[in-house]
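This report concerns only the one structure given below.
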Amino acid sequence: MEITPETIEYISTLANLKLKEEEKVQTKKDLEQILEYIGIIQELDTKSIEPLTHIVQQKNVFREDEVKESINREQILKNAPVIKEGCFTVPKAVDA
Amino acid sequence: MKNYETVIGLEVHVELATKTKIFCGCTTKFGGDPNTHCCPICIGMPGTLPVLNKKAVEFAVAVGLAMDCTITKRCKFDRKNYFYPDLPKAYQISQFYLPICRNGKIGIETDSGKKKIGIHEIHLEEDAGKLIHDPSKEITLIDYNRCGVPLIEIVSEPDMRSAEEVIAYLEKLKLILQYLEVSDCKMQEGSLRADINLSVREIGSDILGTRTEMKNMNSFKAIVKAIEAEKKRQIEWIESGKKVIQETRRWDDNKNTSFAMRSKEDAKDYRYFPEPDLPPLELSKEWLEQIKKRQPELRDQKMQRYQTEYGLPEYDAAILTGSKPLAELFEKTTALCKKPKEVSNWLMVETLRMMKERELEPDQLSLQPEKLAELIRMVEDGKINRTISKEVFEHIFLEDIDPKEYVKENGLEIIRDDTLLRKTVEKVIEENPQSVKDYQNGKEKIVGYLVGQTMKVMKGKADPTIVNQMIKDILRNIVIKSI
Amino acid sequence: MDITKVSALQLSKAIRSKELTVKEAVLAQLNEIRKREPLYHCYISILEEQAIKRADEVQKKIEQGEYSNSLLAGVPVAIKDNICTKGIKTTCASHMLSEFCPLYDAEVITRLEAAGCIILGKTNLDEFAMGSTTETSYFGVTKNPNHINYVPGGSSGGSAAAVAGGEAIIALGSDTGGSIRQPSSFCGVVGLKPTYGMVSRYGLIAYASSLDQIGPIGRTVEDCTAILQIIAGKDEKDSTCAVNTVSPSLKAIRQSIQGKRIGLPVEYFEEGLSKEVRIAILKVIEVLKECGANIEEIKLNTSIYGVPAYYILACAEASSNLSRYDGVKYGFRASKYEDLSELYKETRSLGFGTEVKRRLLIGSFVLSSGYYDAYYNKALKAKNILREEFHLAFEKVDLILTPVAPTTAPKLGESLFDPLKMYLGDSYTVPVNLTGLPAISVPCAKDKNNLPIGFQLIGKPFAEQEILQTAYQYERTVQKGEK
């Protein structure tokens with residue numbers, strides 16, 4: 001499968017990664033090689049086979065609707081790189 | 001210009017009234033300081049795992065059953081992947097491949113008649129956090145208190161053709177949700193949010209036009225305005241030979257217009273895949289039966305019961321059950337004073353009038369059933385007259401006063417002292433010789449005038465029936481004497 | 001007592017019989033770490049002070065008669081650094097989390113501490129457990145204690161090397177595609193990947209949620225059995241670990257394996273398998289026959305699709321699981337950015353290493369619009385076929401014997417530039433993760449470079465006992481032969 005520069009651009013946007021030029025070249029090479037390899041899965045006859053989403057047998061695993069105390073804010077924010085007024089912060093989010 | 005029709009479908013997000021979030025034990029209480037209703041799970045700390053709130057599932061099923069949906073026996077959760085600061089895991093746990101409810105409908109009624117609106121699906125998901133914009137600085141603050149509150153998204157079929165139908169649909173939806181007690185449906189607090197998918201087409205065409213999605217309307221009024229504006233915009237666009245672009249638009253209620261949202265990088269490729277951390281659900285027949293059994297009385301049943309049990313006319317029953325808080329107020333008050341028709345009258349006339357004057361929604365009503373029942377009892381017992389009772393009611397409604405104390409403190413009780421009353425009446429008659437003459441000349445209507453005068457002097461605290469009787473007696477005596 | 005050779009059970013016994021104190025054991029271990037760490041680099045964090053302090057506490061409790069049911073009271077344990085420890089840096093060997101301190105303990109940590117174990121340090125791994133050599137760590141490579149020019153395997157290379165190299169008596173690792181078994185094989189220690197759902201994943205920083213499982217790495221089969229008893233069992237915080245399971249007792253695993261049917265899948269002995277490994281496994285067969293097992297050939301035709309299916313599913317889930325690392329809530333944040341989009345991109349591009357980025361890109365691709373059915377869904381179907389195939393095989397045999405890896409450990413630096421070759425090295429281990437089965441790696445030989453070779457035993461779901469029992473009998477028989 002040929003990986004176009006547009007595809008590289010598109011998937012790096014989806015993954016939110018910025019690739020340098022040499023990384024783009026490497027990614028194209030890696031992806032083509034890996035996708036060709038994982039492509040062998042297409043040979044597998046999967047007619048009338050259901051996708052197996054969960055290996056565990058159990059169903060309906062729930063918790064009851066009982067309040068547990070939240071963690072204090074200082075803790076919640078402890079690992080945050082930048083905080084302000086008890087909030088996490090980011091540069092101005094568009095469309096909001 | 002050609003004739004166009006509007007085709008509208010709604011996506012309504014409803015926050016469920018569970019005590020805790022959908023995947024952790026944090027409270028869902030509205031408000032609170034930013035990031036104080038959070039834990040490692042709802043802010044998506046590394047290593048945390050979701051555990052599903054059973055109540056949220058039951059609420060979603062209850063809504064589905066009330067909307068005549070098929071409940072998906074085996075359903076799952078999926079991850080919807082996108083980056084946005086209000087979504088701490090960068091994926092929302094939602095349902096894409098197998099939503100919990102499908103293929104339902106609800107009936108609406110507008111001036112143009114009755115109609116069924118199809119429900120395409122209802123899925124269960126988690127709410128996102130809140131972004132607070134600091135306009136002075138170029139930064140956005142993030143509060144994750146709402147993050148993880150259970151949501152259902154009710155997706156309608158594109159069955160609506162006017163703003164009127166949309167509002168009827170939303171009213172009905174709200175009623176069902178409130179009756180089921182699964183949500184408080186407060187638009188101003190964001191617990192009910194409607195996105196509008198709208199397209200226009202030439203009348204007679206059965207091909208759907210390109211639609212836009214409109215977000216950010218936080219009242220029914222705004223929804224009506226947004227629909228009208230978008231309809232106009234699309235028609236003008238088509239009339240000028242252009243094609244409508246499929247896009248998401250944001251309604252600005254202050255500017256009365258909408259703006260296309262910039263979706264520069266967001267290709268809307270959500271890369272849904274089954275949520276591995278949550279085993280599938282199996283909704284057995286028995287469980288559905290249980291949920292059904294536990295369902296509170298819904299509107300249609302209640303309306304019927306008000307007519308048979310309380311003997312109310314259909315009109316009264318319809319208005320009272322038209323909002324759950326009103327119906328509750330009716331039932332509680334009636335239980336206390338056993339006068340259903342009286343209660344109904346108070347609610348339908350005075351209460352609704354006061355609400356309208358003050359632009360209050362039924363869920364903002366703070367009228368106490370005990371106080372209204374007391375007021376009704378005082379009127380029944382002849383302790384106050386109707387005119388006074390209205391005045392007392394206003395004070396109950398606005399200031400939550402105790403009617404008994406209020407009447408006592410303000411001396412509003414009917415005066416039963418016959419001597420005093422007789423003296424007052426005699427004085428009034430004495431001061432109105434012309435009226436007596438008129439009465440002698442057969443003008444019996446003058447009695448009403450004299451009653452009014454007496455009531456005035458008595459500051460309304462007399463029983464007008466008694467006053468009336470007394471005046472007639474005295475006048476008759478005068479007539480007899482003069483003969 | 002030589003702390004670098006002793007088993008965990010022996011140590012705990014010695015502590016309880018007052019041959020030495022917990023503190024003496026911890027200090028002896030720390031002393032060895034100090035000496036050996038410059039050579040092997042097994043740890044990211046060594047919790048010297050904390051471990052000593054905790055040793056005193058545990059000692060006191062042992063003297064008060066606590067932990068009487070715990071076989072491992074007083075034993076220091078090394079923890080792979082993708083398992084959360086409250087207030088202690090948990091880095092996933094990534095720049096992204098190099099300063100991250102979790103707010104809570106993983107469930108396995110809570111259970112270890114309740115059993116009187118002492119957390120000794122956090123071991124090195126491939127960044128976010130993505131790799132087979134422990135060379136992708138942000139904190140530098142770990143070396144194979146058997147030969148320091150070779151890799152220890154991965155991703156739990158730090159844990160396996162620590163146990164092999166006398167820097168830990170016992171350790172926890174995590175296994176997504178072979179990450180416990182392969183380094184155990186490369187380092188010459190015992191490593192168990194329990195059945196998916198046997199051990200709580202709460203607090204294990206996710207790589208691929210549907211495949212990840214925590215398990216022990218130890219010097220003996222009995223040690224692994226003892227620690228499994230502590231960490232296994234239902235946890236309400238992990239919905240996929242919701243079944244009450246019984247972990248085998250030491251007594252149970254000491255039973256004879258007379259008459260056990262062990263299958264050899266022919267596909268695992270075809271091209272690609274090195275001669276030395278093949279010969280080693282043939283010798284294992286002889287030993288097991290000696291123990292009374294019946295060996296027979298079986299077929300697992302779909303196995304060649306294991307690696308493609310694994311990389312599709314693992315990369316896809318990883319691309320979602322690792323999206324939360326964006327420099328907002330915790331972890332690394334790029335210092336230069338103009339806007340939100342750049343904050344995300346810069347942070348993620350600088351915070352993740354090459355192999356992680358490679359897998360995130362593959363994962364984003366296979367989930368992207370238009371490819372879901374061809375890749376992700378196809379892999380889920382392959383998984384189903386694979387499970388069915390194992391299921392059928394287990395109708396004929398009790399256990400399956402295979403190599404762990406086609407070769408012994410590669411030289412440092414050899415694998416980094418050929419990812420595909422590295423991925424193919426996982427052929428024998430990934431089917432076990434895809435099917436959720438339990439499997440163990442047991443050392444059985446060394447190659448000409450003194451590099452260990454291990455064999456793998458795969459069991460039915462939750463048949464840990466059969467695996468451990470067979471492994472134990474093998475170990476005992478070989479030891480007897482050596483004496």
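Convention: chains lettered A, B, ... in structure tokens order; per-chain residue numbering from 1; ligands numbered from 1 as shown.
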
Exercise. Using only C-alpha atoms, select each residue of chain C with any atom at most 6 Å away from an atom of chain A, and give the selection as a list in words.
Key: Ser239, Tyr305, Pro308, Lys329, Tyr330, Asp339, Leu340, Lys345, Ser349, Ser364, Phe365, Leu380, Lys381 and Asn384 of chain C

Contact check, chain C to chain B, at most 7 Å, counting only C-alpha atoms, closest pairs as CSV:
residue,atom,partner,partner_atom,distance
C:Cys84,CA,B:Gly47,CA,6.9
C:Tyr202,CA,B:Thr48,CA,5.8
C:Gly203,CA,B:Gly47,CA,4.0
C:Leu204,CA,B:Gly47,CA,4.7
C:Ile205,CA,B:Gly47,CA,4.0
C:Ala206,CA,B:Gly47,CA,6.0
C:Ser209,CA,B:Pro276,CA,6.0
C:Ser210,CA,B:Pro276,CA,5.3
C:Lys237,CA,B:Val51,CA,6.5
C:Asp238,CA,B:Leu49,CA,6.1
C:Ser239,CA,B:Val51,CA,5.9
C:Thr240,CA,B:Pro279,CA,6.5
C:Ser320,CA,B:Asn81,CA,6.7
C:Ser323,CA,B:Ala90,CA,5.5
C:Arg324,CA,B:Lys89,CA,4.5
C:Leu367,CA,B:Arg271,CA,5.1
C:Ser368,CA,B:Arg271,CA,5.5
C:Ser369,CA,B:Asp269,CA,6.0

Surrounding residues of stretch 100-104 of chain C excluding itself and chain neighbours under 3 positions, 7 Å, only C-alpha atoms, as a short mmCIF file (atom, residue, chain, number, x, y, z; two decimals) with N, CA and C atoms, in the first residue's frame:
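Everything below was put into out01.cif:
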data_model
loop_
_atom_site.label_atom_id
_atom_site.label_comp_id
_atom_site.auth_asym_id
_atom_site.auth_seq_id
_atom_site.Cartn_x
_atom_site.Cartn_y
_atom_site.Cartn_z
N ASN A 79 -0.54 17.75 39.61
CA ASN A 79 0.36 17.38 38.51
C ASN A 79 0.25 18.31 37.30
N CYS C 84 0.82 2.34 38.95
CA CYS C 84 0.77 3.57 39.75
C CYS C 84 1.07 3.33 41.22
N THR C 85 1.90 4.18 41.77
CA THR C 85 2.21 4.17 43.19
C THR C 85 1.95 5.57 43.72
N LYS C 86 1.12 5.65 44.73
CA LYS C 86 0.68 6.95 45.25
C LYS C 86 1.86 7.78 45.73
N GLY C 87 1.93 9.01 45.18
CA GLY C 87 2.96 9.93 45.63
C GLY C 87 4.37 9.56 45.17
N ILE C 88 4.49 8.47 44.42
CA ILE C 88 5.82 8.06 43.93
C ILE C 88 5.79 8.13 42.41
N LYS C 89 6.80 8.76 41.86
CA LYS C 89 6.88 8.94 40.42
C LYS C 89 6.59 7.66 39.67
N THR C 90 5.71 7.76 38.71
CA THR C 90 5.35 6.62 37.87
C THR C 90 5.46 7.12 36.44
N THR C 91 6.53 6.71 35.76
CA THR C 91 6.91 7.42 34.54
C THR C 91 6.55 6.74 33.23
N LEU C 97 5.79 11.46 31.13
CA LEU C 97 5.38 11.29 32.52
C LEU C 97 6.58 11.27 33.47
N TYR C 330 -1.59 16.83 33.47
CA TYR C 330 -0.43 16.28 34.17
C TYR C 330 0.66 16.04 33.14
N GLY C 331 1.82 15.80 33.62
CA GLY C 331 2.91 15.42 32.72
C GLY C 331 3.56 16.59 32.01
#

Quiz prompt | Surrounding residues of stretch 164-168 of chain B excluding itself and chain neighbours under 5 positions, 7 Å, only C-alpha atoms, as an MDAnalysis selection string | solution = chainID B and resid 108:110 220

Print the selection's residues with all heavy atoms to a file, as a compact mmCIF listing (two decimals), in the first residue's frame.
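Resulting contents of again_7.txt:
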# COMPACT_ATOMS: atom_id res chain seq x y z
N ILE B 108 -46.99 14.52 19.23
CA ILE B 108 -47.09 15.94 19.59
C ILE B 108 -48.39 16.50 19.05
O ILE B 108 -49.03 15.90 18.18
CB ILE B 108 -45.90 16.77 19.01
CG1 ILE B 108 -45.86 16.69 17.48
CG2 ILE B 108 -44.60 16.34 19.63
CD1 ILE B 108 -45.02 17.77 16.84
N GLU B 109 -48.79 17.65 19.58
CA GLU B 109 -50.00 18.29 19.09
C GLU B 109 -49.73 19.77 18.90
O GLU B 109 -49.20 20.42 19.79
CB GLU B 109 -51.13 18.07 20.10
CG GLU B 109 -52.48 18.28 19.49
CD GLU B 109 -53.62 17.94 20.46
OE1 GLU B 109 -53.36 17.26 21.48
OE2 GLU B 109 -54.74 18.39 20.20
N THR B 110 -50.02 20.25 17.71
CA THR B 110 -49.88 21.69 17.46
C THR B 110 -51.20 22.18 16.89
O THR B 110 -52.13 21.40 16.70
CB THR B 110 -48.76 21.98 16.44
OG1 THR B 110 -49.10 21.33 15.22
CG2 THR B 110 -47.41 21.49 16.93
N PHE B 220 -36.09 28.03 24.88
CA PHE B 220 -37.01 27.73 23.77
C PHE B 220 -37.11 28.92 22.83
O PHE B 220 -37.20 28.77 21.62
CB PHE B 220 -38.40 27.36 24.32
CG PHE B 220 -38.47 25.96 24.86
CD1 PHE B 220 -37.32 25.17 24.97
CD2 PHE B 220 -39.69 25.41 25.23
CE1 PHE B 220 -37.38 23.88 25.46
CE2 PHE B 220 -39.76 24.11 25.72
CZ PHE B 220 -38.62 23.35 25.84

Practice problem: Excluding C:Tyr43 and residues on its chain fewer than 3 positions from it, collect all residues at most 9 Å away from it, counting only C-alpha atoms, and give them as an NGL selection string. | Solution: :C and (37 or 40 or 46 or 78 or 80-81 or 121-125 or 142 or 158-159 or 162)

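Neighbouring residues of C:His147 at 12 Å or closer, counting only C-alpha atoms and skipping chain neighbours under 6 positions away, are C:Leu39, C:Tyr40, C:Ala161, C:Ala164, C:Gly165, C:Phe186, C:Cys187, C:Gly188, C:Thr408, C:Ala409, C:Pro410, C:Lys411, C:Leu412, C:Lys446, C:Asp447, C:Lys448, C:Asn449, C:Asn450, C:Leu451, C:Pro452.
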
Just write the chosen residues, all heavy atoms, as a compact mmCIF listing (two decimals), in the first residue's frame.
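again24.txt was written with the following content:
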# COMPACT_ATOMS: atom_id res chain seq x y z
N LEU C 39 25.73 -1.29 36.38
CA LEU C 39 25.98 -2.26 35.32
C LEU C 39 24.72 -2.58 34.52
O LEU C 39 24.72 -2.64 33.29
CB LEU C 39 26.47 -3.55 36.00
CG LEU C 39 27.64 -4.30 35.38
CD1 LEU C 39 28.83 -3.36 35.18
CD2 LEU C 39 28.03 -5.45 36.30
N TYR C 40 23.63 -2.81 35.22
CA TYR C 40 22.41 -3.31 34.56
C TYR C 40 21.36 -2.24 34.31
O TYR C 40 20.57 -2.36 33.39
CB TYR C 40 21.77 -4.42 35.41
CG TYR C 40 22.68 -5.57 35.76
CD1 TYR C 40 22.52 -6.27 36.96
CD2 TYR C 40 23.70 -5.97 34.90
CE1 TYR C 40 23.33 -7.33 37.30
CE2 TYR C 40 24.53 -7.04 35.23
CZ TYR C 40 24.35 -7.71 36.43
OH TYR C 40 25.15 -8.75 36.76
N ALA C 161 15.25 -8.29 34.48
CA ALA C 161 16.68 -8.16 34.71
C ALA C 161 16.98 -8.00 36.20
O ALA C 161 17.97 -8.55 36.70
CB ALA C 161 17.23 -6.96 33.93
N ALA C 164 16.73 -11.42 37.69
CA ALA C 164 17.84 -12.27 37.21
C ALA C 164 19.18 -11.79 37.75
O ALA C 164 20.06 -12.59 38.05
CB ALA C 164 17.85 -12.27 35.69
N GLY C 165 19.31 -10.48 37.89
CA GLY C 165 20.59 -9.91 38.22
C GLY C 165 20.80 -9.63 39.70
O GLY C 165 21.72 -8.89 40.07
N PHE C 186 14.35 -14.25 28.19
CA PHE C 186 15.67 -13.69 27.84
C PHE C 186 16.60 -13.58 29.05
O PHE C 186 17.81 -13.60 28.92
CB PHE C 186 15.52 -12.32 27.19
CG PHE C 186 15.05 -12.35 25.75
CD1 PHE C 186 14.74 -13.55 25.13
CD2 PHE C 186 14.93 -11.16 25.02
CE1 PHE C 186 14.30 -13.57 23.80
CE2 PHE C 186 14.51 -11.19 23.69
CZ PHE C 186 14.19 -12.39 23.08
N CYS C 187 16.01 -13.40 30.22
CA CYS C 187 16.84 -13.20 31.41
C CYS C 187 16.99 -14.46 32.25
O CYS C 187 17.79 -14.50 33.19
CB CYS C 187 16.25 -12.09 32.29
SG CYS C 187 16.39 -10.46 31.56
N GLY C 188 16.20 -15.49 31.95
CA GLY C 188 16.33 -16.73 32.69
C GLY C 188 15.58 -16.76 34.02
O GLY C 188 16.07 -17.31 35.01
N THR C 408 17.18 -16.24 21.16
CA THR C 408 17.54 -15.67 22.46
C THR C 408 17.66 -14.16 22.29
O THR C 408 17.44 -13.63 21.20
CB THR C 408 18.86 -16.27 22.96
OG1 THR C 408 19.82 -16.17 21.91
CG2 THR C 408 18.69 -17.73 23.36
N ALA C 409 18.03 -13.47 23.38
CA ALA C 409 18.06 -12.01 23.37
C ALA C 409 18.97 -11.46 22.26
O ALA C 409 20.07 -11.96 22.06
CB ALA C 409 18.54 -11.50 24.72
N PRO C 410 18.51 -10.45 21.53
CA PRO C 410 19.37 -9.82 20.55
C PRO C 410 20.36 -8.87 21.22
O PRO C 410 20.20 -8.51 22.38
CB PRO C 410 18.40 -9.05 19.66
CG PRO C 410 17.19 -8.83 20.49
CD PRO C 410 17.15 -9.93 21.52
N LYS C 411 21.37 -8.51 20.45
CA LYS C 411 22.34 -7.55 20.96
C LYS C 411 21.70 -6.18 21.12
O LYS C 411 20.75 -5.85 20.42
CB LYS C 411 23.50 -7.42 19.96
CG LYS C 411 24.62 -8.39 20.23
CD LYS C 411 25.88 -7.93 19.50
CE LYS C 411 27.01 -8.85 19.90
NZ LYS C 411 27.89 -9.17 18.79
N LEU C 412 22.26 -5.40 22.04
CA LEU C 412 21.76 -4.04 22.22
C LEU C 412 21.84 -3.29 20.89
O LEU C 412 22.83 -3.42 20.17
CB LEU C 412 22.62 -3.30 23.25
CG LEU C 412 22.46 -3.72 24.71
CD1 LEU C 412 23.61 -3.18 25.55
CD2 LEU C 412 21.13 -3.24 25.26
N LYS C 446 20.49 -22.53 28.17
CA LYS C 446 21.22 -21.32 27.78
C LYS C 446 21.89 -21.58 26.44
O LYS C 446 22.21 -22.72 26.12
CB LYS C 446 22.28 -20.99 28.83
CG LYS C 446 21.66 -20.39 30.09
CD LYS C 446 22.69 -19.73 30.96
CE LYS C 446 21.98 -18.95 32.09
NZ LYS C 446 22.92 -18.25 32.94
N ASP C 447 22.06 -20.52 25.66
CA ASP C 447 22.70 -20.71 24.37
C ASP C 447 24.22 -20.54 24.50
O ASP C 447 24.74 -20.37 25.61
CB ASP C 447 22.11 -19.77 23.31
CG ASP C 447 22.57 -18.32 23.49
OD1 ASP C 447 23.34 -18.05 24.45
OD2 ASP C 447 22.19 -17.47 22.67
N LYS C 448 24.90 -20.53 23.40
CA LYS C 448 26.36 -20.51 23.43
C LYS C 448 26.91 -19.22 24.02
O LYS C 448 28.04 -19.16 24.49
CB LYS C 448 26.93 -20.78 22.03
CG LYS C 448 26.44 -19.80 20.97
CD LYS C 448 27.00 -20.14 19.62
CE LYS C 448 26.65 -19.11 18.56
NZ LYS C 448 25.19 -18.97 18.31
N ASN C 449 26.10 -18.15 23.99
CA ASN C 449 26.55 -16.89 24.58
C ASN C 449 26.13 -16.73 26.04
O ASN C 449 26.12 -15.62 26.57
CB ASN C 449 25.98 -15.71 23.78
CG ASN C 449 26.51 -15.69 22.37
OD1 ASN C 449 27.69 -15.94 22.15
ND2 ASN C 449 25.64 -15.41 21.41
N ASN C 450 25.71 -17.81 26.64
CA ASN C 450 25.23 -17.79 28.03
C ASN C 450 23.88 -17.07 28.16
O ASN C 450 23.50 -16.60 29.22
CB ASN C 450 26.27 -17.14 28.96
CG ASN C 450 25.95 -17.41 30.42
OD1 ASN C 450 25.56 -18.53 30.78
ND2 ASN C 450 26.10 -16.39 31.27
N LEU C 451 23.17 -16.97 27.05
CA LEU C 451 21.87 -16.31 27.11
C LEU C 451 20.78 -17.35 27.32
O LEU C 451 20.73 -18.36 26.62
CB LEU C 451 21.61 -15.53 25.82
CG LEU C 451 22.53 -14.32 25.64
CD1 LEU C 451 22.44 -13.81 24.21
CD2 LEU C 451 22.14 -13.21 26.62
N PRO C 452 19.88 -17.06 28.28
CA PRO C 452 18.87 -18.05 28.65
C PRO C 452 17.82 -18.28 27.55
O PRO C 452 17.58 -17.41 26.70
CB PRO C 452 18.21 -17.43 29.88
CG PRO C 452 19.14 -16.39 30.35
CD PRO C 452 19.85 -15.88 29.15

Quiz item: So which one's closest to B:Ser199, B:Ile8, B:Leu420, B:Val425, B:Met455? Using only C-alpha atoms, please.
Solution: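 Smallest separation from B:Ser199 among the options: B:Ile8.
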
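We find atom CA of B:Ala163 and atom CA of B:Ile223 to be spaced 7.7 Å apart.
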
Self-check item: Which of B:Asp78, B:Asp300, B:Glu359, B:Asp184 sits closest to chain A [using only C-alpha atoms]
Solution: B:Asp78
